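Student: What follows is a structure written as structure tokens; I'll ask about it next.
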Amino acid sequence: MNPVSGDFEQIPLRSYAERAYLDYAMYVVLDRALPHVGDGLKPVQRRIIYAMSELGLSAASKHKKSARTVGDVIGKFHPHGDSACYEAMVLMAQPFSYRYPLVDGQGNFGSPDDPKSFAAMRYTESRLAPYARVLLAELGQGTVDWVPNFDGSLKEPKLLPARLPNLLLNGGQGIAVGMATDIPPHNLNEVVSACVRLLEAPRKTDVAELCEHIQGPDFPGGPEIVSSREDLLQMYETGSGSVRQRARYEREGDEIIITALPHQVSPAKLLEQIAAQMQAKKLPLVSDLRDESDHEHPTRLVIVPRSNRVDIDQLMDHLFATTDLEKNARFNLNVIGNNGRPGVRNLKELLLEWLEFRRQTVTRRLEFRLDQVVDRLHVLEGLLIAYLNIDEVIHIIRTEDEPKPVLMERFGLTGTQAEAILELKLRHLARLEEMKIRGEKDELEEERRKIEALLDSPKKLTRLIRDELLEDAEKYGDERRSPIVEREAAQALKETDLVPAEPVTVVLSENGWVRAAKGHDINPEELTYRSGDAFLAASRGRSTQFACFLDSTGRSYSLVARELPSARSLGEPLTGRFQPPSGAVFRSVAIGAPEDKVLLASTAGYGFVTALENLHTRQKAGKQLLTVPDGYDVLPIAPVNDTEEGVIVCATSEGYLLAYYLADLPELARGKGNKLINIPPKARKAGETVAGAIAIAAGEDCLVWAGQRYLRMSWNDTENYWGERAQRGRKLPRGFQKVTRLTLAG
């Protein structure tokens with residue numbers, strides 16, 4: 001088949017699609033998404049600034065409707081959507097988006113809350129900002145190449161002759177095809193200082209030395225930069241990384257005032273994040289939020305702590321970790337270089353490439369001016385010849401039909417010189433005018449010598465670039481807004497730290513129903529219980545602590561006390577929260593700090609002391625903690641308050657009681673434990689078991705119960721029953737031969 005049919009060429013679809021996509025990709029990369037290292041602008045930004053300069057919208061002119069500017073841009077240079085073009089112009093006018101705004105806007109140009117909330121272009125007015133002169137001052141001096149616009153009817157600059165490295169000063173973001181760029185803004189004085197350092201010693205200066213001048217990004221909103229110096233150095237050495245920025249705050253009385261936010265963080269969205277935590281009851285440390293921002297205070301967010309006992313630094317650390325009060329800014333120095341190719345550069349490579357662009361720009365400016373000076377000197381030389389022979393020149397002009405060739409032949413003039421003589425006005429024939437021409441000629445001769453000296457000497461050219469950089473830095477530079485403060489990574493508070501620790505009493509019934517009452521002054525036995533149910537055990541602690549339960553098989557279970565139902569109800573069964581073994585019954589409850597000690601024991605007469613945290617578990621099936629021999633049960637969990645002078649008191653069901661120092665019983669994490677009191681085999685076969693085992697401290701009393709009767713025994717009274725651990729103990733007095741339980745005196 002003939003590959004060419006008429007005026008159409010037949011090619012494989014694969015080849016066509018591949019070529020078309022590559023063309024599109026290169027267009028997006030080079031002509032839309034990535035900035036150029038020379039002026040730091042994307043094409044749409046460059047065209048907006050050039051169009052505004054052509055409209056005469058300098059910083060000294062009156063504002064004009066933004067619609068006029070956008071119309072010129074899209075009609076002459078940028079045939080794309082007007083809304084996208086207008087948004088690009090608005091971005092360059094927002095002082096919270098650009099470190100050094102290029103456009104001076106009048107009207108609603110958006111706010112930090114919503115940068116895209118700007119008014120329509122028919123309402124706003126704009127002109128160029130004073131800083132834009134850095135990009136335009138040398139435009140008409142032969143410094144850049146000019147290319148046809150999209151329809152070939154006009155010329156537009158390929159680049160703008162930037163006098164400063166605008167790419168770093170204002171930064172930029174862009175997403176192309178297969179690549180992106182993220183450049184944060186920097187401080188003008190610091191960047192110029194680094195450029196001067198490179199001009200003076202380009203080979204000896206490395207990135208680390210440049211970072212002595214450029215400490216880090218400088219965001220317009222003034223947040224803290226909390227990345228470490230090592231991370232910042234690595235970021236500048238590789239050309240990619242991220243910058244950790246954090247809001248700044250101060251205290252006014254008991255209130256927290258946020259005065260600066262991370263770059264491009266919306267105050268309204270931030271308040272929503274904090275309010276969401278408050279509504280979810282995950283931030284009880286805060287009682288109120290307010291936004292008091294105004295023209296005088298662009299950022300003023302007020303956070304009111306619940307009380308003056310709240311640790312402000314700890315609260316803010318939590319908010320830094322859980323909200324946009326701390327945010328990472330991406331860093332990716334991917335730009336189009338002087339060779340027209342995109343690529344990632346480190347800080348030194350970027351500045352060297354811009355300095356090379358600047359050197360070429362200054363060279364072209366000097367050469368352009370030199371050509372102007374030489375041409376003017378050439379004309380002045382012809383004018384001087386005319387003044388020296390003024391009468392003859394006038395005679396030739398009056399008598400000859402074509403005076404130009406006659407003048408050229410008579411005085412040896414060029415066509416340019418002869419044309420300049422013929423253009424002279426009569427008023428310029430005065431003697432005084434000749435003196436002006438001689439003075440102008442001397443000045444231009446001096447200027448030509450200086451320009452030629454600059455062009456012939458790289459050192460002098462470098463000195464000129466340096467002086468111009470310092471001059472612009474003095475004119476447009478300012479102090480750093482974002483302080484660099486190396487800080488540790490923010491840590492969110494634990495859930496238990498966020499919730500207020502209120503006193504609670506956890507109550508367990510005989511049938512395994514549980515509830516929590518506020519306060520410690522409640523009498524759990526006076527609560528109402530379900531029919532056939534009654535009080536079994538209670539423990540006092542805080543709402544943020546774990547309530548631990550022990551079943552008859554020695555398995556432990558735990559949950560946070562605040563998750564328990566209120567004591568105003570009848571509670572709920574623990575079997576709804578946990579999955580104990582078949583036939584197991586909940587026997588005891590304990591609550592306290594994780595390091596608190598408790599005594600665990602079985603009716604077989606074995607037990608051990610352990611920390612309460614060993615009872616903690618998130619497993620619904622619990623964990624095996626105390627090994628209980630077959631046929632025996634667990635005793636209630638006994639708190640241990642004094643490990644130095646504490647005494648363990650054990651009593652058997654047949655009235656034997658033994659007391660010994662707590663230190664004699666080893667501390668374990670789990671297991672069967674050690675023998676607490678001895679029950680002879682014959683007595684064990686007869687059914688004697690341990691009725692109770694508790695620990696009492698100096699000054700405490702215990703109650704030995706025999707049914708409804710009890711015997712009160714103080715710490716000193718236990719001396720009558722003193723012995724070694726695992727001994728038989730002594731018989732209690734008449735009436736207490738059948739002990740049912742041991743408790744601490746309330």
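Identifiers in the structure tokens: chain A, B, ... in order shown; residue index from 1 per chain; ligand index from 1 in order shown.
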Fewer than 4 positions away in the same chain doesn't count, so skip those; otherwise give me all residues within 10 Å of Leu55 in chain A, counting only C-alpha atoms, as a VMD selection string.

Tutor: chain A and resid 49 to 51 64 68 to 69 72 127

Student: Using only N, CA, C and O atoms, please write the residues we just selected to a file, as a PDB file, in the first residue's frame.

Tutor:
```
ATOM      1  N   ILE A  49       4.136  40.419  33.562  1.00  0.00           N
ATOM      2  CA  ILE A  49       4.993  41.541  33.964  1.00  0.00           C
ATOM      3  C   ILE A  49       5.374  42.397  32.763  1.00  0.00           C
ATOM      4  O   ILE A  49       5.344  43.636  32.815  1.00  0.00           O
ATOM      5  N   TYR A  50       5.685  41.733  31.640  1.00  0.00           N
ATOM      6  CA  TYR A  50       6.054  42.499  30.441  1.00  0.00           C
ATOM      7  C   TYR A  50       4.862  43.291  29.915  1.00  0.00           C
ATOM      8  O   TYR A  50       4.991  44.473  29.534  1.00  0.00           O
ATOM      9  N   ALA A  51       3.689  42.659  29.904  1.00  0.00           N
ATOM     10  CA  ALA A  51       2.502  43.354  29.420  1.00  0.00           C
ATOM     11  C   ALA A  51       2.168  44.557  30.299  1.00  0.00           C
ATOM     12  O   ALA A  51       1.771  45.621  29.797  1.00  0.00           O
ATOM     13  N   LYS A  64      -4.552  50.326  37.320  1.00  0.00           N
ATOM     14  CA  LYS A  64      -5.523  50.106  36.258  1.00  0.00           C
ATOM     15  C   LYS A  64      -6.276  48.809  36.523  1.00  0.00           C
ATOM     16  O   LYS A  64      -5.778  47.926  37.215  1.00  0.00           O
ATOM     17  N   ARG A  68      -7.967  44.833  32.277  1.00  0.00           N
ATOM     18  CA  ARG A  68      -7.214  45.436  31.168  1.00  0.00           C
ATOM     19  C   ARG A  68      -5.889  44.699  30.977  1.00  0.00           C
ATOM     20  O   ARG A  68      -5.489  44.372  29.845  1.00  0.00           O
ATOM     21  N   THR A  69      -5.215  44.441  32.081  1.00  0.00           N
ATOM     22  CA  THR A  69      -3.935  43.732  32.010  1.00  0.00           C
ATOM     23  C   THR A  69      -4.126  42.321  31.480  1.00  0.00           C
ATOM     24  O   THR A  69      -3.399  41.872  30.585  1.00  0.00           O
ATOM     25  N   ASP A  72      -4.754  42.238  27.763  1.00  0.00           N
ATOM     26  CA  ASP A  72      -3.539  42.424  26.972  1.00  0.00           C
ATOM     27  C   ASP A  72      -2.687  41.157  26.956  1.00  0.00           C
ATOM     28  O   ASP A  72      -2.116  40.796  25.918  1.00  0.00           O
ATOM     29  N   ARG A 127      -0.960  47.344  39.520  1.00  0.00           N
ATOM     30  CA  ARG A 127       0.193  47.941  38.852  1.00  0.00           C
ATOM     31  C   ARG A 127       1.413  47.154  39.324  1.00  0.00           C
ATOM     32  O   ARG A 127       1.316  46.311  40.223  1.00  0.00           O
TER      33      ARG A 127
END
```

Student: So which residues touch range 525-531 of chain A within 8 Å, counting only C-alpha atoms, skipping near sequence neighbours fewer than 4 positions away, as a list in words?

Tutor: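 Listed by chain and then number, they are Ser509, Phe535 and Leu570 of chain A.
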
Student: Under the rule that only C-alpha atoms are counted, which of A:Gln215, A:Thr181, A:Gln619, A:Ser227 is the nearest residue to Arg345 in chain A?

Tutor: A:Thr181

Student: What are the nearest atom pairs, with distances in Å to one decimal, for all residues of range 591-618 of chain A that come at most 12 Å from range 726-742 of chain A, using only C-alpha atoms, set out by chain and rising residue number as CSV?

Tutor:
```
residue,atom,partner,partner_atom,distance
A:Thr603,CA,A:Arg741,CA,10.8
A:Gly605,CA,A:Ala726,CA,8.7
A:Tyr606,CA,A:Ala726,CA,9.2
A:Gly607,CA,A:Ala726,CA,11.0
```

Student: So which residues touch range 333-344 of chain A within 8 Å, counting only C-alpha atoms, skipping near sequence neighbours fewer than 2 positions away, as a PyMOL selection string?

Tutor: chain A and resi 29-30+34-38+180-183+239-240+331+346+353+357

Student: Of the residues A:Glu724, A:Asp324, A:Asp633, A:Ala669, which is the one nearest to Gly692 in chain A, using only C-alpha atoms?

Tutor: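 Result for the nearest residue to Gly692 in chain A: A:Asp633.
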
Student: I need the residues of range 613-724 of chain A that end up classed as alpha helix (DSSP H) by DSSP on the backbone, written out as a PyMOL selection string.

Tutor: chain A and resi 681-685

Student: Applying 10 Å and only C-alpha atoms, which residues near Arg448 in chain A remain after dropping the ones on its own chain fewer than 3 positions away? List them as a compact mmCIF listing (two decimals) with all heavy atoms, in the first residue's frame.

Tutor:
```txt
# COMPACT_ATOMS: atom_id res chain seq x y z
N LEU A 366 26.54 46.14 28.33
CA LEU A 366 27.70 46.99 28.08
C LEU A 366 28.00 47.09 26.59
O LEU A 366 28.34 48.17 26.07
CB LEU A 366 28.91 46.46 28.84
CG LEU A 366 28.83 46.53 30.37
CD1 LEU A 366 30.03 45.84 31.01
CD2 LEU A 366 28.75 47.99 30.84
N ARG A 369 25.47 49.34 25.00
CA ARG A 369 25.77 50.74 25.30
C ARG A 369 27.02 51.20 24.57
O ARG A 369 27.07 52.35 24.08
CB ARG A 369 25.96 50.91 26.81
CG ARG A 369 26.32 52.32 27.24
CD ARG A 369 25.29 53.33 26.78
NE ARG A 369 25.66 54.70 27.14
CZ ARG A 369 25.11 55.78 26.61
NH1 ARG A 369 24.15 55.67 25.68
NH2 ARG A 369 25.51 56.98 26.97
N LEU A 370 27.99 50.33 24.43
CA LEU A 370 29.21 50.69 23.71
C LEU A 370 28.89 51.00 22.24
O LEU A 370 29.42 51.97 21.67
CB LEU A 370 30.24 49.56 23.80
CG LEU A 370 31.58 49.81 23.10
CD1 LEU A 370 32.29 51.02 23.70
CD2 LEU A 370 32.47 48.58 23.20
N ASP A 371 28.02 50.19 21.65
CA ASP A 371 27.62 50.47 20.26
C ASP A 371 26.93 51.82 20.16
O ASP A 371 27.16 52.59 19.20
CB ASP A 371 26.68 49.37 19.76
CG ASP A 371 27.40 48.04 19.57
OD1 ASP A 371 28.63 48.05 19.48
OD2 ASP A 371 26.71 46.99 19.54
N GLN A 372 26.09 52.13 21.13
CA GLN A 372 25.41 53.43 21.13
C GLN A 372 26.42 54.57 21.24
O GLN A 372 26.33 55.60 20.55
CB GLN A 372 24.41 53.51 22.28
CG GLN A 372 23.15 52.69 22.09
CD GLN A 372 22.18 52.88 23.23
OE1 GLN A 372 22.58 52.98 24.40
NE2 GLN A 372 20.90 52.96 22.91
N VAL A 373 27.41 54.41 22.14
CA VAL A 373 28.42 55.45 22.35
C VAL A 373 29.26 55.64 21.09
O VAL A 373 29.52 56.78 20.65
CB VAL A 373 29.30 55.09 23.56
CG1 VAL A 373 30.52 56.01 23.63
CG2 VAL A 373 28.50 55.16 24.85
N VAL A 374 29.67 54.53 20.48
CA VAL A 374 30.50 54.63 19.26
C VAL A 374 29.72 55.30 18.14
O VAL A 374 30.25 56.16 17.41
CB VAL A 374 30.97 53.22 18.85
CG1 VAL A 374 31.62 53.27 17.47
CG2 VAL A 374 31.95 52.67 19.88
N LEU A 377 29.48 59.01 18.92
CA LEU A 377 30.77 59.67 18.70
C LEU A 377 31.01 59.88 17.21
O LEU A 377 31.56 60.91 16.77
CB LEU A 377 31.91 58.84 19.30
CG LEU A 377 32.05 58.90 20.83
CD1 LEU A 377 33.08 57.88 21.30
CD2 LEU A 377 32.48 60.30 21.26
N ASP A 442 33.69 64.50 24.77
CA ASP A 442 34.67 64.12 25.80
C ASP A 442 34.06 63.14 26.80
O ASP A 442 34.72 62.16 27.21
CB ASP A 442 35.16 65.38 26.52
CG ASP A 442 35.97 66.29 25.61
OD1 ASP A 442 36.47 65.78 24.59
OD2 ASP A 442 36.09 67.49 25.92
N GLU A 443 32.79 63.40 27.18
CA GLU A 443 32.14 62.50 28.13
C GLU A 443 31.96 61.10 27.54
O GLU A 443 32.20 60.10 28.21
CB GLU A 443 30.77 63.07 28.53
CG GLU A 443 30.85 64.32 29.39
CD GLU A 443 29.47 64.87 29.70
OE1 GLU A 443 28.47 64.26 29.25
OE2 GLU A 443 29.38 65.91 30.38
N LEU A 444 31.56 61.06 26.28
CA LEU A 444 31.37 59.76 25.64
C LEU A 444 32.69 59.03 25.43
O LEU A 444 32.74 57.79 25.51
CB LEU A 444 30.64 59.94 24.31
CG LEU A 444 29.17 60.38 24.41
CD1 LEU A 444 28.58 60.57 23.02
CD2 LEU A 444 28.35 59.37 25.20
N GLU A 445 33.73 59.77 25.15
CA GLU A 445 35.05 59.14 25.01
C GLU A 445 35.45 58.48 26.32
O GLU A 445 35.98 57.37 26.35
CB GLU A 445 36.09 60.18 24.58
CG GLU A 445 35.97 60.65 23.16
CD GLU A 445 36.49 59.62 22.16
OE1 GLU A 445 36.94 58.54 22.60
OE2 GLU A 445 36.42 59.89 20.96
N ILE A 451 33.84 51.40 29.46
CA ILE A 451 33.14 50.19 29.02
C ILE A 451 34.12 49.20 28.41
O ILE A 451 34.06 47.99 28.69
CB ILE A 451 32.03 50.56 28.02
CG1 ILE A 451 30.94 51.38 28.71
CG2 ILE A 451 31.43 49.30 27.40
CD1 ILE A 451 29.85 51.87 27.76
N GLU A 452 35.02 49.69 27.58
CA GLU A 452 36.02 48.79 26.97
C GLU A 452 36.91 48.16 28.03
O GLU A 452 37.28 46.98 27.92
CB GLU A 452 36.85 49.56 25.94
CG GLU A 452 36.06 49.93 24.69
CD GLU A 452 36.87 50.79 23.74
OE1 GLU A 452 37.92 51.32 24.19
OE2 GLU A 452 36.46 50.94 22.57
N ALA A 453 37.23 48.92 29.08
CA ALA A 453 38.04 48.37 30.16
C ALA A 453 37.27 47.27 30.90
O ALA A 453 37.84 46.24 31.28
CB ALA A 453 38.45 49.48 31.13
N LEU A 454 35.97 47.48 31.10
CA LEU A 454 35.15 46.46 31.77
C LEU A 454 35.05 45.20 30.92
O LEU A 454 35.16 44.08 31.43
CB LEU A 454 33.75 47.02 32.04
CG LEU A 454 33.62 48.06 33.16
CD1 LEU A 454 32.23 48.67 33.15
CD2 LEU A 454 33.90 47.42 34.53
```

Student: Would you write out, as JSON lines, a table of all residues in range 282-365 of chain A that have an atom no more than 12 Å from an atom of range 462-466 of chain A, listing for each the closest atom pair and the distance in Å to one decimal, considering only C-alpha atoms and ordering rows by chain and rising residue number?

Tutor:
```
{"residue": "A:Trp354", "atom": "CA", "partner": "A:Ile465", "partner_atom": "CA", "distance": 11.9}
{"residue": "A:Leu355", "atom": "CA", "partner": "A:Ile465", "partner_atom": "CA", "distance": 8.8}
{"residue": "A:Glu356", "atom": "CA", "partner": "A:Thr462", "partner_atom": "CA", "distance": 10.6}
{"residue": "A:Phe357", "atom": "CA", "partner": "A:Ile465", "partner_atom": "CA", "distance": 11.3}
{"residue": "A:Arg358", "atom": "CA", "partner": "A:Ile465", "partner_atom": "CA", "distance": 7.8}
{"residue": "A:Arg359", "atom": "CA", "partner": "A:Ile465", "partner_atom": "CA", "distance": 7.3}
{"residue": "A:Gln360", "atom": "CA", "partner": "A:Ile465", "partner_atom": "CA", "distance": 10.7}
{"residue": "A:Thr361", "atom": "CA", "partner": "A:Ile465", "partner_atom": "CA", "distance": 10.1}
{"residue": "A:Val362", "atom": "CA", "partner": "A:Ile465", "partner_atom": "CA", "distance": 7.6}
{"residue": "A:Thr363", "atom": "CA", "partner": "A:Ile465", "partner_atom": "CA", "distance": 10.1}
{"residue": "A:Arg365", "atom": "CA", "partner": "A:Ile465", "partner_atom": "CA", "distance": 11.9}
```
